[in-house]
Structures are given as structure tokens and as C-alpha cells.
>>> print(open('protein-v3.txt').read())   # compact mmCIF, C-alpha atoms and all ligand atoms
# COMPACT_ATOMS: atom_id res chain seq x y z
CA MET A 15 98.57 91.68 -3.13
CA LEU A 16 97.54 95.07 -1.73
CA GLU A 17 96.81 95.37 1.96
CA ILE A 18 95.61 98.67 3.38
CA LYS A 19 95.34 98.74 7.16
CA ASP A 20 93.77 101.55 9.16
CA LEU A 21 95.13 104.12 6.72
CA ARG A 22 94.83 107.69 7.90
CA ALA A 23 95.85 110.66 5.81
CA GLY A 24 95.05 114.30 5.38
CA ILE A 25 96.16 117.69 4.35
CA GLU A 26 97.48 120.35 6.68
CA ASP A 27 95.53 119.75 9.90
CA ARG A 28 92.57 118.09 8.31
CA GLU A 29 92.11 114.33 8.40
CA ILE A 30 90.49 113.10 5.16
CA LEU A 31 91.05 109.33 5.32
CA LYS A 32 90.00 108.16 8.76
CA GLY A 33 91.06 104.54 8.92
CA ILE A 34 90.76 102.69 5.60
CA ASN A 35 90.96 98.90 5.51
CA LEU A 36 91.08 97.11 2.18
CA ASP A 37 92.59 93.88 0.86
CA ILE A 38 92.97 93.17 -2.83
CA LYS A 39 94.02 89.69 -3.86
CA PRO A 40 95.40 88.70 -7.26
CA GLY A 41 92.64 88.36 -9.84
CA GLU A 42 90.17 90.54 -7.97
CA VAL A 43 88.43 93.66 -9.22
CA HIS A 44 87.33 96.03 -6.49
CA ALA A 45 85.23 99.13 -6.97
CA ILE A 46 85.15 102.03 -4.57
CA MET A 47 82.09 104.23 -4.79
CA GLY A 48 80.95 107.09 -2.64
CA PRO A 49 79.52 110.58 -2.64
CA ASN A 50 81.58 113.60 -3.65
CA GLY A 51 84.11 114.68 -1.09
CA SER A 52 84.24 111.33 0.70
CA GLY A 53 87.97 110.89 0.06
CA LYS A 54 88.08 108.62 -3.00
CA SER A 55 90.60 110.70 -4.95
CA THR A 56 92.62 111.28 -1.79
CA LEU A 57 92.93 107.52 -1.41
CA ALA A 58 94.13 107.21 -5.02
CA SER A 59 96.61 110.07 -4.48
CA VAL A 60 97.98 108.54 -1.29
CA LEU A 61 98.44 105.19 -3.04
CA ALA A 62 100.22 107.03 -5.86
CA GLY A 63 102.50 108.80 -3.39
CA LYS A 64 101.40 112.34 -4.16
CA GLN A 65 103.31 114.77 -1.98
CA ASP A 66 100.34 116.96 -1.02
CA TYR A 67 98.96 114.42 1.42
CA GLU A 68 100.38 113.45 4.77
CA VAL A 69 99.92 109.90 5.96
CA THR A 70 99.29 110.03 9.70
CA GLY A 71 98.64 106.39 10.47
CA GLY A 72 98.20 102.85 9.27
CA SER A 73 100.02 100.90 6.61
CA VAL A 74 99.89 99.94 2.95
CA THR A 75 101.74 96.86 1.76
CA PHE A 76 102.04 95.71 -1.82
CA GLU A 77 103.29 92.16 -2.29
CA GLY A 78 104.76 92.35 1.17
CA LYS A 79 106.60 95.66 0.64
CA ASP A 80 105.84 98.85 2.51
CA LEU A 81 104.36 100.95 -0.27
CA LEU A 82 104.37 104.18 1.71
CA GLU A 83 108.19 104.06 1.86
CA LEU A 84 108.49 103.99 -1.93
CA ALA A 85 108.76 106.97 -4.29
CA PRO A 86 106.06 107.21 -6.98
CA GLU A 87 108.46 105.85 -9.68
CA GLU A 88 109.34 102.92 -7.44
CA ARG A 89 105.67 102.14 -6.99
CA ALA A 90 105.36 102.02 -10.78
CA GLY A 91 108.41 99.76 -10.90
CA GLU A 92 106.74 97.39 -8.46
CA GLY A 93 103.84 97.11 -10.90
CA ILE A 94 101.30 99.68 -9.77
CA PHE A 95 99.58 101.85 -12.36
CA LEU A 96 97.54 104.88 -11.41
CA SER A 97 95.37 106.78 -13.78
CA PHE A 98 94.36 110.29 -13.09
CA GLN A 99 91.40 112.33 -13.99
CA TYR A 100 93.41 115.09 -15.64
CA PRO A 101 96.48 113.75 -17.42
CA VAL A 102 99.37 116.17 -17.87
CA GLU A 103 100.15 117.75 -21.21
CA ILE A 104 103.81 117.72 -22.19
CA PRO A 105 104.50 119.88 -25.25
CA GLY A 106 107.37 118.58 -27.36
CA LEU A 107 107.28 115.07 -25.92
CA SER A 108 105.64 112.54 -28.21
CA THR A 109 103.54 109.75 -26.81
CA THR A 110 105.96 107.26 -28.35
CA ASN A 111 108.99 108.75 -26.62
CA PHE A 112 107.11 109.11 -23.38
CA MET A 113 106.13 105.44 -23.55
CA LYS A 114 109.66 104.33 -24.43
CA THR A 115 111.02 106.10 -21.36
CA ALA A 116 108.25 104.83 -19.09
CA VAL A 117 108.54 101.21 -20.25
CA ASN A 118 112.34 101.19 -20.00
CA GLU A 119 112.41 102.86 -16.59
CA ILE A 120 110.22 100.08 -15.25
CA ARG A 121 112.42 97.45 -16.92
CA LYS A 122 115.53 99.07 -15.44
CA TYR A 123 113.95 99.06 -11.99
CA ARG A 124 113.34 95.34 -12.40
CA GLY A 125 116.86 94.69 -13.60
CA GLN A 126 115.71 93.92 -17.15
CA GLU A 127 117.42 95.13 -20.31
CA GLU A 128 115.94 97.96 -22.39
CA LEU A 129 113.54 96.81 -25.06
CA ASP A 130 115.12 96.96 -28.50
CA ALA A 131 113.41 99.08 -31.15
CA VAL A 132 111.77 96.13 -32.89
CA SER A 133 110.30 94.64 -29.71
CA PHE A 134 109.14 98.06 -28.56
CA LEU A 135 107.33 98.74 -31.84
CA LYS A 136 105.76 95.30 -31.79
CA LYS A 137 104.45 95.94 -28.30
CA MET A 138 103.19 99.40 -29.32
CA LYS A 139 101.28 97.93 -32.28
CA GLU A 140 99.77 95.16 -30.19
CA LYS A 141 98.57 97.55 -27.47
CA MET A 142 97.42 100.17 -29.97
CA ALA A 143 95.10 97.61 -31.51
CA LEU A 144 93.83 96.76 -28.06
CA VAL A 145 92.67 100.31 -27.34
CA GLU A 146 91.86 101.12 -30.98
CA ILE A 147 94.27 104.03 -30.93
CA ASP A 148 95.21 105.90 -34.08
CA GLN A 149 98.87 105.76 -35.17
CA SER A 150 98.93 109.52 -35.77
CA MET A 151 98.22 110.19 -32.10
CA LEU A 152 101.53 108.66 -31.11
CA SER A 153 103.67 111.30 -32.81
CA ARG A 154 101.71 114.18 -31.32
CA SER A 155 102.90 115.85 -28.11
CA LEU A 156 101.66 113.99 -25.07
CA ASN A 157 98.06 114.94 -24.36
CA GLU A 158 98.49 118.36 -26.00
CA GLY A 159 95.24 119.30 -27.68
CA PHE A 160 93.89 115.80 -27.11
CA SER A 161 90.14 115.61 -26.71
CA GLY A 162 88.77 114.10 -23.52
CA GLY A 163 88.22 110.79 -25.29
CA GLU A 164 91.74 110.80 -26.79
CA LYS A 165 93.31 111.49 -23.39
CA LYS A 166 91.34 108.63 -21.92
CA ARG A 167 92.35 106.32 -24.75
CA ASN A 168 95.97 107.37 -24.30
CA GLU A 169 95.82 106.72 -20.59
CA ILE A 170 94.45 103.21 -21.10
CA PHE A 171 97.07 102.69 -23.80
CA GLN A 172 99.75 103.65 -21.25
CA MET A 173 98.26 101.19 -18.81
CA ALA A 174 98.29 98.42 -21.43
CA MET A 175 101.93 99.19 -22.32
CA LEU A 176 103.09 99.11 -18.72
CA GLU A 177 101.32 95.80 -18.00
CA PRO A 178 100.77 96.58 -14.31
CA LYS A 179 100.05 94.00 -11.64
CA LEU A 180 97.68 96.40 -9.96
CA ALA A 181 95.83 99.14 -11.79
CA ILE A 182 94.14 101.91 -9.85
CA LEU A 183 91.74 103.99 -11.89
CA ASP A 184 90.17 107.11 -10.47
CA GLU A 185 87.31 107.87 -12.81
CA THR A 186 85.43 110.16 -10.45
CA ASP A 187 84.02 113.40 -11.79
CA SER A 188 85.61 112.83 -15.17
CA GLY A 189 82.21 112.82 -16.82
CA LEU A 190 82.95 109.76 -18.90
CA ASP A 191 80.87 109.70 -22.04
CA ILE A 192 79.76 106.38 -23.49
CA ASP A 193 82.84 106.08 -25.74
CA ALA A 194 85.20 106.76 -22.85
CA ILE A 195 83.40 104.19 -20.73
CA ARG A 196 83.83 101.62 -23.46
CA ILE A 197 87.55 102.45 -23.82
CA VAL A 198 88.20 102.22 -20.11
CA ALA A 199 86.16 99.07 -19.72
CA ASN A 200 87.83 97.30 -22.67
CA GLY A 201 91.28 98.21 -21.42
CA VAL A 202 90.52 97.12 -17.88
CA ASN A 203 88.78 93.92 -18.91
CA LYS A 204 91.78 92.92 -21.01
CA LEU A 205 93.99 93.43 -17.97
CA ARG A 206 91.85 91.03 -15.97
CA THR A 207 93.88 87.91 -15.34
CA PRO A 208 94.17 85.60 -12.33
CA GLU A 209 97.43 87.43 -11.45
CA ASN A 210 96.31 91.07 -11.69
CA GLY A 211 94.36 93.22 -9.31
CA ILE A 212 92.23 96.20 -10.27
CA LEU A 213 90.82 99.02 -8.18
CA VAL A 214 88.24 101.17 -9.93
CA ILE A 215 87.16 104.33 -8.19
CA THR A 216 83.95 105.74 -9.52
CA HIS A 217 81.11 107.98 -8.55
CA TYR A 218 78.66 106.31 -10.89
CA GLN A 219 77.33 102.80 -11.12
CA ARG A 220 77.27 103.00 -14.94
CA LEU A 221 80.95 102.12 -15.40
CA LEU A 222 80.36 98.95 -13.40
CA ASP A 223 77.92 97.70 -16.02
CA TYR A 224 80.99 97.29 -18.22
CA ILE A 225 83.60 96.37 -15.63
CA ILE A 226 81.87 93.85 -13.40
CA PRO A 227 83.55 94.11 -10.00
CA ASP A 228 84.01 91.22 -7.59
CA PHE A 229 83.61 93.59 -4.66
CA VAL A 230 82.08 97.01 -4.18
CA HIS A 231 82.96 99.28 -1.26
CA VAL A 232 81.31 102.49 -0.20
CA LEU A 233 83.65 105.20 0.99
CA TYR A 234 81.90 107.78 3.09
CA ASN A 235 83.49 110.50 5.18
CA GLY A 236 86.93 108.93 4.98
CA ARG A 237 85.91 105.39 5.88
CA ILE A 238 84.73 102.29 4.06
CA VAL A 239 81.30 101.99 5.63
CA LYS A 240 79.84 99.17 3.56
CA SER A 241 81.18 96.40 1.33
CA GLY A 242 79.36 93.97 -0.89
CA THR A 243 79.20 92.52 -4.36
CA LYS A 244 78.05 94.19 -7.57
CA GLU A 245 74.50 94.16 -6.23
CA LEU A 246 75.56 96.91 -3.84
CA ALA A 247 76.33 99.16 -6.81
CA TYR A 248 72.80 98.63 -8.12
CA GLU A 249 71.35 99.34 -4.72
CA LEU A 250 73.29 102.61 -4.57
CA GLU A 251 72.12 103.56 -8.03
CA GLU A 252 68.54 102.91 -7.06
CA ARG A 253 68.50 104.39 -3.61
CA GLY A 254 71.23 107.02 -3.78
CA TYR A 255 73.87 107.56 -1.14
CA ASP A 256 71.33 108.83 1.36
CA PHE A 257 70.38 105.33 2.42
CA ILE A 258 73.98 104.76 3.53
CA LYS A 259 73.78 107.93 5.59
CA SER A 260 70.54 106.87 7.22
CA GLU A 261 71.88 103.35 7.85
CA LEU A 262 74.83 104.90 9.63
CA ALA A 263 72.70 107.27 11.67
P1 LIG B 1 86.17 112.46 -3.66
O1 LIG B 1 87.20 112.04 -4.65
O2 LIG B 1 85.54 111.33 -2.94
O3 LIG B 1 85.16 113.38 -4.24
P2 LIG B 1 88.35 113.91 -2.43
O4 LIG B 1 89.35 112.90 -2.00
O5 LIG B 1 88.64 114.65 -3.69
O6 LIG B 1 86.91 113.27 -2.48
O7 LIG B 1 88.18 114.97 -1.26
C1 LIG B 1 87.87 114.62 0.08
C2 LIG B 1 87.85 115.85 0.94
O8 LIG B 1 89.17 116.32 1.10
C3 LIG B 1 87.05 116.99 0.35
O9 LIG B 1 86.39 117.65 1.39
C4 LIG B 1 88.11 117.86 -0.29
O10 LIG B 1 87.71 119.19 -0.31
C5 LIG B 1 89.30 117.64 0.62
N1 LIG B 1 90.56 117.75 -0.13
C6 LIG B 1 91.03 116.86 -1.01
N2 LIG B 1 92.19 117.27 -1.54
C7 LIG B 1 92.46 118.47 -0.99
C8 LIG B 1 93.51 119.43 -1.12
N3 LIG B 1 94.54 119.21 -1.96
N4 LIG B 1 93.43 120.55 -0.38
C9 LIG B 1 92.40 120.76 0.48
N5 LIG B 1 91.38 119.91 0.65
C10 LIG B 1 91.39 118.77 -0.06
MG MG B 2 85.23 114.79 -5.98
MG MG B 3 87.41 112.33 -6.71
>>> encode(input="protein-v3.txt", output="C-alpha cells")
Amino acid sequence: MLEIKDLRAGIEDREILKGINLDIKPGEVHAIMGPNGSGKSTLASVLAGKQDYEVTGGSVTFEGKDLLELAPEERAGEGIFLSFQYPVEIPGLSTTNFMKTAVNEIRKYRGQEELDAVSFLKKMKEKMALVEIDQSMLSRSLNEGFSGGEKKRNEIFQMAMLEPKLAILDETDSGLDIDAIRIVANGVNKLRTPENGILVITHYQRLLDYIIPDFVHVLYNGRIVKSGTKELAYELEERGYDFIKSELA
């Protein structure tokens, strides 16, 4: 589904990702962990197509297509969802209208007709129940004055509405409290099907108690230096990232 080969990327003259290799197959949940500054968010940004970063080598294919050639909206159209640590606030744009536009843009990209009002509302209700979102939140301006937990809920709601094939969640540094962890985990776990892939980026093992990954990778200094199963996350929690450093030395 997603194939990352020797991906190199950086900013200005600095290389941050120094040859990343990662394969995600349908149905798999992968977690990327690693100390601060190792390049986790850079990887998420490069996959999202953020302009700030320059890709200097390697390739990323999604279902056989060259992802790096696609604009961020096209990546969404192909079925990739990326969550970010600090969602944008858009005064004057309600969550409902934002969602309507987002859902229909993806449908248009896929050559599908716009959802009619009844089907759209039905979908909204179904997904709202899934993330236990309050109806009143939907008429408020997108993310404006939302608490951290509400933003998180809204983000997972967006993910549920867009029904991505591959969800990439960068939860690093976001200081998820226990409610936010539960929201993220519920949303992600409901997305788990034999067809979908999920990439969870996290600094802490705690989230992985709720989203049990099939594979755990350690990103350190721009490279994946160790891969394993969920046991690796426990080992990291217990021993800290220093043991990786000493193993590498
Ligand atoms: P992580 O998410 O693992 O904490 P990041 O991907 O945020 O790591 O950062 C990796 C390294 O790249 C850090 O040293 C960081 O300072 C640097 N970096 C990331 N983004 C930028 C940027 N926009 N400008 C300058 N340096 C950056
Ligand atoms: Mg960081
Ligand atoms: Mg980060």
C-alpha cells in the first residue's frame, strides 16, 4: 500500500531524513517512535506534501502511484489522511461546511457525484456518534476556541468522515491527556479493517496501550534504526531511548 524507499529530505542545506525505508500493507498498523528531534514530524510532513521540506532522494509510492508527484489535495483524494498536532482555526467556517467541502472534493477527485444533503447528514450523524462529538460543535467556526480535547475529537471526526485508506497520525509532543488518548484510539481502532493501513507517530508508549500496533519502528537521527513488534514499545518505555543509542554505538 505505502512503500517508502531510501527517502531523504531536509530543509535548506540540512538533511533531516537520511534514508527511510518503510512498507505498510493493507490492514497493518505501524507505529513510529523515537526521541525528540529524530525526524518523526518531518516524515509526516513530507508524506503530507508540506512545501517547507525538500525531498533530495528516494521514493514514496502509494498503491503504485508516485506520491511525491502529487499535490497535498491529490494525496487526500487518493485516500491518505494526515492529522497534525496543531489544527488550523478558520473563523467563519463551520465544521459542517468544512466537512462538506472536504468530503465532496475527495468524491470529485474520484469521479463520484456530490453527496446529497440527506446522505451527508446521515454520514455526519453516524460519524459523530463514533467519536462522541457534540452536535453544537459542528456549527461553531472550525477549531476556533476549541479546547485541546475538542480539536482532537474534531480531527478524528474529520478522519472518520473522510474514510481514508491510510491514516497518518502525528501525535508527538501534543501532550495527549487520557481523554484525548481514548478519542484517538477509538477513532483509529474503528478505522482498522483488512483494507486500511495506519501509521501512528508517537513519542510515548502510552498511546500504544490503546492502539495495539502490528509493527513498531524506532526513528533515530533520520533513520529507522530498529523495528519490532509491540514488545519493542514496552522495551523503549522501560529502558528509554538511550539503549538504542548504545546499541548503535
Ligand atoms: P521529531 O518530530 O522527531 O521531534 P522533527 O521532525 O520535528 O523531529 O525535527 C527533526 C529535526 O529537524 C530537528 O532537529 C528540527 O529542529 C529540525 N527541523 C524540523 N523542521 C524544521 C524546520 N521547519 N526548520 C528548521 N529545522 C527543522
Ligand atoms: Mg519534536
Ligand atoms: Mg514531532
>>> closest_residue(input="protein-v3.txt", among="A:Leu152, A:Ile212, A:Ile226, A:Met47", to="A:Leu135", atoms="all atoms listed in the file")
A:Leu152
>>> closest_residue(input="protein-v3.txt", among="A:Gly71, A:Phe171, A:Gly93, A:Asp184", to="ligand MG 2 (chain B)", atoms="only C-alpha atoms and all ligand atoms")
A:Asp184
>>> closest_atom_pairs(input="protein-v3.txt", of="chain A", to="ligand MG 3 (chain B)", cutoff="8 Å", atoms="all atoms listed in the file", output="JSON lines")
{"residue": "A:Asn50", "atom": "CA", "partner": "B:MG3", "partner_atom": "MG", "distance": 6.7}
{"residue": "A:Gly51", "atom": "CA", "partner": "B:MG3", "partner_atom": "MG", "distance": 6.9}
{"residue": "A:Gly53", "atom": "CA", "partner": "B:MG3", "partner_atom": "MG", "distance": 6.9}
{"residue": "A:Lys54", "atom": "CA", "partner": "B:MG3", "partner_atom": "MG", "distance": 5.3}
{"residue": "A:Ser55", "atom": "CA", "partner": "B:MG3", "partner_atom": "MG", "distance": 4.0}
{"residue": "A:Thr56", "atom": "CA", "partner": "B:MG3", "partner_atom": "MG", "distance": 7.2}
{"residue": "A:Asp184", "atom": "CA", "partner": "B:MG3", "partner_atom": "MG", "distance": 7.0}
{"residue": "A:Glu185", "atom": "CA", "partner": "B:MG3", "partner_atom": "MG", "distance": 7.6}
{"residue": "A:Thr186", "atom": "CA", "partner": "B:MG3", "partner_atom": "MG", "distance": 4.8}
{"residue": "A:Asp187", "atom": "CA", "partner": "B:MG3", "partner_atom": "MG", "distance": 6.2}
{"residue": "A:Thr216", "atom": "CA", "partner": "B:MG3", "partner_atom": "MG", "distance": 8.0}
{"residue": "A:His217", "atom": "CA", "partner": "B:MG3", "partner_atom": "MG", "distance": 7.9}
>>> residues_around(input="protein-v3.txt", residues="A:Gly41", least_positions_apart="5", cutoff="12 Å", atoms="all atoms listed in the file", output="ChimeraX atom specification")
/A:15-16,179-181,203,205-213,227-229
>>> write_last_selection(input="protein-v3.txt", atoms="C-alpha atoms", output="PDB file, in the frame of the given file")
ATOM      1  CA  MET A  15      98.570  91.680  -3.130  1.00  0.00           C
ATOM      2  CA  LEU A  16      97.540  95.070  -1.730  1.00  0.00           C
ATOM      3  CA  LYS A 179     100.050  94.000 -11.640  1.00  0.00           C
ATOM      4  CA  LEU A 180      97.680  96.400  -9.960  1.00  0.00           C
ATOM      5  CA  ALA A 181      95.830  99.140 -11.790  1.00  0.00           C
ATOM      6  CA  ASN A 203      88.780  93.920 -18.910  1.00  0.00           C
ATOM      7  CA  LEU A 205      93.990  93.430 -17.970  1.00  0.00           C
ATOM      8  CA  ARG A 206      91.850  91.030 -15.970  1.00  0.00           C
ATOM      9  CA  THR A 207      93.880  87.910 -15.340  1.00  0.00           C
ATOM     10  CA  PRO A 208      94.170  85.600 -12.330  1.00  0.00           C
ATOM     11  CA  GLU A 209      97.430  87.430 -11.450  1.00  0.00           C
ATOM     12  CA  ASN A 210      96.310  91.070 -11.690  1.00  0.00           C
ATOM     13  CA  GLY A 211      94.360  93.220  -9.310  1.00  0.00           C
ATOM     14  CA  ILE A 212      92.230  96.200 -10.270  1.00  0.00           C
ATOM     15  CA  LEU A 213      90.820  99.020  -8.180  1.00  0.00           C
ATOM     16  CA  PRO A 227      83.550  94.110 -10.000  1.00  0.00           C
ATOM     17  CA  ASP A 228      84.010  91.220  -7.590  1.00  0.00           C
ATOM     18  CA  PHE A 229      83.610  93.590  -4.660  1.00  0.00           C
TER      19      PHE A 229
END
>>> closest_residue(input="protein-v3.txt", among="A:Asp193, A:Glu77, A:Glu245, A:Glu83", to="A:Val60", atoms="only C-alpha atoms")
A:Glu83
>>> atom_distance(input="protein-v3.txt", atom1="atom CA of A:Tyr67", atom2="atom CA of A:Ile25")
5.2 Å
>>> atom_distance(input="protein-v3.txt", atom1="atom C8 of ligand LIG 1 (chain B)", atom2="atom CA of A:Ile182")
19.6 Å
>>> atom_distance(input="protein-v3.txt", atom1="atom CA of A:Gln126", atom2="atom CA of A:Thr75")
23.7 Å
>>> closest_residue(input="protein-v3.txt", among="A:Leu144, A:Leu84, A:Met138, A:Ile238", to="ligand LIG 1 (chain B)", atoms="all atoms listed in the file")
A:Ile238
>>> residues_around(input="protein-v3.txt", residues="A:Gly236", least_positions_apart="3", cutoff="7 Å", atoms="all atoms listed in the file", output="PyMOL selection string")
chain A and resi 30-32+52-53+233
>>> write_last_selection(input="protein-v3.txt", atoms="C-alpha atoms", output="PDB file, in the coordinates of the input")
ATOM      1  CA  ILE A  30      90.490 113.100   5.160  1.00  0.00           C
ATOM      2  CA  LEU A  31      91.050 109.330   5.320  1.00  0.00           C
ATOM      3  CA  LYS A  32      90.000 108.160   8.760  1.00  0.00           C
ATOM      4  CA  SER A  52      84.240 111.330   0.700  1.00  0.00           C
ATOM      5  CA  GLY A  53      87.970 110.890   0.060  1.00  0.00           C
ATOM      6  CA  LEU A 233      83.650 105.200   0.990  1.00  0.00           C
TER       7      LEU A 233
END
>>> residues_near_point(input="protein-v3.txt", point="(102.4, 99.0, -15.7)", cutoff="6 Å", atoms="only C-alpha atoms", output="ChimeraX atom specification")
/A:93,95,173,176-178
>>> write_last_selection(input="protein-v3.txt", atoms="C-alpha atoms", output="mmCIF file, keeping the file's coordinate frame")
data_model
loop_
_atom_site.group_PDB
_atom_site.id
_atom_site.type_symbol
_atom_site.label_atom_id
_atom_site.label_comp_id
_atom_site.auth_asym_id
_atom_site.auth_seq_id
_atom_site.Cartn_x
_atom_site.Cartn_y
_atom_site.Cartn_z
ATOM 1 C CA GLY A 93 103.840 97.110 -10.900
ATOM 2 C CA PHE A 95 99.580 101.850 -12.360
ATOM 3 C CA MET A 173 98.260 101.190 -18.810
ATOM 4 C CA LEU A 176 103.090 99.110 -18.720
ATOM 5 C CA GLU A 177 101.320 95.800 -18.000
ATOM 6 C CA PRO A 178 100.770 96.580 -14.310
#
>>> residues_around(input="protein-v3.txt", residues="stretch 257-262 of chain A", least_positions_apart="3", cutoff="9 Å", atoms="all atoms listed in the file", output="number ranges by chain")
A: 232, 234, 239-240, 250, 253-254
>>> write_last_selection(input="protein-v3.txt", atoms="C-alpha atoms", output="tab-separated table (two decimals), in the coordinates of the input")
chain	number	residue	atom	x	y	z
A	232	VAL	CA	81.31	102.49	-0.20
A	234	TYR	CA	81.90	107.78	3.09
A	239	VAL	CA	81.30	101.99	5.63
A	240	LYS	CA	79.84	99.17	3.56
A	250	LEU	CA	73.29	102.61	-4.57
A	253	ARG	CA	68.50	104.39	-3.61
A	254	GLY	CA	71.23	107.02	-3.78
